[in-house]
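Student: Take a look at the following structure, please.
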Amino acid sequence: LIKNNYYICDLKKGRFMKVISIITEKGGVGKTTTSIHLGASFAEMKKRVLIIDFDSQRNLSIGYKIPKDFPYTVKNFIEKTGNFRLTQKGESLFILAGDRGVEETDYKRTALKDMIDLLSSKMNLDYIIIDCPPRPLSGRVSLGEIALCASDYVLSPIEAEEYSIEGINELLPSVKRIIDNYNPKLQFLGFFFNKVLTNTKNFRVYSDLAKQQAGQYFLETYIRQDVNVENAKKEGKTIFQVAPLSRASEDYKQLVKEIIKKIEG
């Protein structure tokens with residue numbers, strides 16, 4: 001049922017094709033922007049997509065202009081409270097709003113997976129994108145770990161700077177631990193560079209270093225820095241709506257093609 005730009009349905013047993021978590025252990029590298037544009041890219045290809053804002057900062061929800069008092073959030077979803085409700089953007093893109101209180105409660109590792117498995121098959125989704133918080137995957141059961149336990153794939157944006165490259169060696173073992181202990185079907189799609197200035201020496205140096213450290217998990221596609229991305233964010237829109245012929249728009253489309261190629265083998 002679609003009403004007043006919202007999607008409302010009952011919950012029952014159902015399964016989905018692909019669940020992809022977007023995760024970093026460092027903030028500021030464009031994780032949320034990636035989640036928004038990856039979801040929008042799939043939607044541009046006529047795929048039905050749900051993006052879950054699983055970061056207590058709610059940046060994805062803010063980016064989509066979803067008010068903080070929206071009556072149904074990811075916290076309701078996990079805790080099985082309230083009436084299931086999504087924000088719909090376009091014909092085939094849906095958003096599950098974030099909640100600042102989602103990190104205040106300890107959830108079991110399968111909390112998100114259990115509810116994803118219960119989502120109505122009537123939605124007939126092709127992809128679920130989970131925007132994870134920029135937190136280490138260690139210590140207590142984190143939201144990122146919960147997301148990866150619900151996912152088929154994981155993707156991580158990086159920047160051409162030292163701390164971001166060091167994060168490769170920190171994230172890979174953490175993901176492997178989750179694969180070995182909790183979710184053997186999880187696959188690492190790879191790292192890709194975001195907000196790139198291609199004519200700088202830094203990018204060339206760090207690109208070579210990332211290839212060495214990430215190996216098979218290094219994606220060739222990178223997203224070039226583009227002022228249109230920020231302009232789209234201010235308007236609560238995507239790059240495809242604001243500047244469909246821009247370089248960043250073309251880059252995101254290419255990234256999706258590379259991801260689909262890896263998924264389909």
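Labels for the structure tokens follow display order: chains A, B, ..., residues from 1 in each chain, ligands from 1.
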Let's see if you can do this: from backbone DSSP, list all helix (DSSP H, G or I) residues in segment 11-250 of chain A, as an mmCIF file with C-alpha atoms, in the first residue's frame.

Tutor:
data_model
loop_
_atom_site.group_PDB
_atom_site.id
_atom_site.type_symbol
_atom_site.label_atom_id
_atom_site.label_comp_id
_atom_site.auth_asym_id
_atom_site.auth_seq_id
_atom_site.Cartn_x
_atom_site.Cartn_y
_atom_site.Cartn_z
ATOM 1 C CA LYS A 31 29.789 6.136 3.589
ATOM 2 C CA THR A 32 26.306 7.639 3.722
ATOM 3 C CA THR A 33 26.669 9.349 0.340
ATOM 4 C CA THR A 34 27.702 5.974 -1.049
ATOM 5 C CA SER A 35 24.625 4.305 0.464
ATOM 6 C CA ILE A 36 22.339 6.946 -1.030
ATOM 7 C CA HIS A 37 23.848 6.809 -4.511
ATOM 8 C CA LEU A 38 24.324 3.063 -4.646
ATOM 9 C CA GLY A 39 20.657 2.644 -3.815
ATOM 10 C CA ALA A 40 19.664 5.317 -6.321
ATOM 11 C CA SER A 41 21.889 3.707 -8.982
ATOM 12 C CA PHE A 42 20.121 0.383 -8.577
ATOM 13 C CA ALA A 43 16.774 2.182 -8.695
ATOM 14 C CA GLU A 44 17.853 3.900 -11.938
ATOM 15 C CA ASN A 59 22.748 11.310 8.284
ATOM 16 C CA LEU A 60 21.067 9.255 5.600
ATOM 17 C CA SER A 61 17.611 10.160 6.906
ATOM 18 C CA ILE A 62 18.643 13.813 7.113
ATOM 19 C CA GLY A 63 19.947 13.596 3.553
ATOM 20 C CA VAL A 74 14.869 1.145 12.330
ATOM 21 C CA LYS A 75 14.580 0.924 16.133
ATOM 22 C CA ASN A 76 10.865 0.118 15.814
ATOM 23 C CA PHE A 77 11.753 -2.369 13.107
ATOM 24 C CA ILE A 78 14.237 -4.301 15.244
ATOM 25 C CA GLU A 79 12.125 -4.118 18.404
ATOM 26 C CA VAL A 102 19.281 2.710 18.182
ATOM 27 C CA GLU A 103 22.713 2.539 19.837
ATOM 28 C CA GLU A 104 21.316 2.817 23.345
ATOM 29 C CA ALA A 111 18.309 -8.914 15.436
ATOM 30 C CA LEU A 112 18.375 -7.188 12.045
ATOM 31 C CA LYS A 113 18.620 -10.416 10.051
ATOM 32 C CA ASP A 114 15.575 -11.838 11.815
ATOM 33 C CA MET A 115 13.490 -8.810 10.854
ATOM 34 C CA ILE A 116 14.800 -8.650 7.289
ATOM 35 C CA SER A 121 7.538 -10.666 0.134
ATOM 36 C CA LYS A 122 4.951 -8.342 -1.427
ATOM 37 C CA MET A 123 7.660 -5.703 -1.653
ATOM 38 C CA LEU A 143 25.540 -2.178 15.004
ATOM 39 C CA GLY A 144 28.044 -2.821 12.232
ATOM 40 C CA GLU A 145 28.433 -6.439 13.290
ATOM 41 C CA ILE A 146 24.652 -6.835 13.480
ATOM 42 C CA ALA A 147 24.381 -5.425 9.951
ATOM 43 C CA LEU A 148 27.066 -7.759 8.579
ATOM 44 C CA CYS A 149 25.319 -10.741 10.149
ATOM 45 C CA GLU A 162 47.089 7.445 5.341
ATOM 46 C CA TYR A 163 44.468 6.696 8.020
ATOM 47 C CA SER A 164 41.988 5.493 5.430
ATOM 48 C CA ILE A 165 44.512 3.127 3.842
ATOM 49 C CA GLU A 166 45.489 1.785 7.268
ATOM 50 C CA GLY A 167 41.819 1.008 7.778
ATOM 51 C CA ILE A 168 42.055 -1.681 5.096
ATOM 52 C CA ASN A 169 44.246 -3.839 7.322
ATOM 53 C CA GLU A 170 41.916 -3.256 10.273
ATOM 54 C CA LEU A 171 38.609 -3.933 8.527
ATOM 55 C CA LEU A 172 39.515 -7.101 6.601
ATOM 56 C CA PRO A 173 40.312 -9.235 9.697
ATOM 57 C CA SER A 174 37.155 -7.974 11.417
ATOM 58 C CA VAL A 175 34.997 -8.980 8.452
ATOM 59 C CA LYS A 176 36.754 -12.353 8.248
ATOM 60 C CA ARG A 177 35.995 -12.976 11.931
ATOM 61 C CA ILE A 178 32.298 -12.405 11.282
ATOM 62 C CA ILE A 179 32.381 -14.691 8.230
ATOM 63 C CA ASP A 180 34.156 -17.456 10.158
ATOM 64 C CA ASN A 181 32.016 -17.253 13.292
ATOM 65 C CA LYS A 201 50.323 12.753 -6.606
ATOM 66 C CA ASN A 202 48.633 11.603 -3.390
ATOM 67 C CA PHE A 203 45.969 9.693 -5.279
ATOM 68 C CA ARG A 204 48.476 7.848 -7.440
ATOM 69 C CA VAL A 205 50.629 6.923 -4.417
ATOM 70 C CA TYR A 206 47.738 5.777 -2.230
ATOM 71 C CA SER A 207 46.039 3.992 -5.109
ATOM 72 C CA ASP A 208 49.121 1.812 -5.594
ATOM 73 C CA LEU A 209 49.320 1.212 -1.834
ATOM 74 C CA ALA A 210 45.640 0.269 -1.614
ATOM 75 C CA LYS A 211 46.028 -2.217 -4.470
ATOM 76 C CA GLN A 212 48.882 -3.881 -2.591
ATOM 77 C CA GLN A 213 47.012 -4.069 0.714
ATOM 78 C CA ALA A 214 43.513 -4.886 -0.529
ATOM 79 C CA GLY A 215 44.553 -7.288 -3.291
ATOM 80 C CA GLN A 216 41.501 -8.975 -4.798
ATOM 81 C CA TYR A 217 39.271 -6.680 -2.731
ATOM 82 C CA VAL A 227 30.536 19.804 -6.254
ATOM 83 C CA ASN A 228 27.251 18.470 -7.642
ATOM 84 C CA VAL A 229 27.244 15.764 -4.957
ATOM 85 C CA GLU A 230 27.168 18.426 -2.219
ATOM 86 C CA ASN A 231 24.557 20.436 -4.119
ATOM 87 C CA ALA A 232 22.350 17.344 -4.366
ATOM 88 C CA LYS A 233 22.786 16.668 -0.640
ATOM 89 C CA LYS A 234 21.614 20.191 0.245
ATOM 90 C CA GLU A 235 18.463 19.666 -1.821
ATOM 91 C CA ILE A 239 23.352 13.317 -8.198
ATOM 92 C CA PHE A 240 21.159 11.644 -10.826
ATOM 93 C CA GLN A 241 18.387 14.154 -10.176
ATOM 94 C CA VAL A 242 20.567 17.267 -9.913
ATOM 95 C CA ARG A 247 31.346 13.005 -13.671
ATOM 96 C CA ALA A 248 30.226 11.712 -10.268
ATOM 97 C CA SER A 249 26.977 10.467 -11.806
ATOM 98 C CA GLU A 250 28.930 8.500 -14.402
#

Student: Compile the contact shell of Tyr72 of chain A as a ChimeraX atom specification: residues with an atom at most 9 Å away, counting only C-alpha atoms, same-chain residues fewer than 3 positions apart removed.

Tutor: /A:69,75-77,81-86,96-98

Student: Do you have the atom CA of Asn194 of chain A-atom CA of Lys65 of chain A distance handy?

Tutor: 23.3 Å
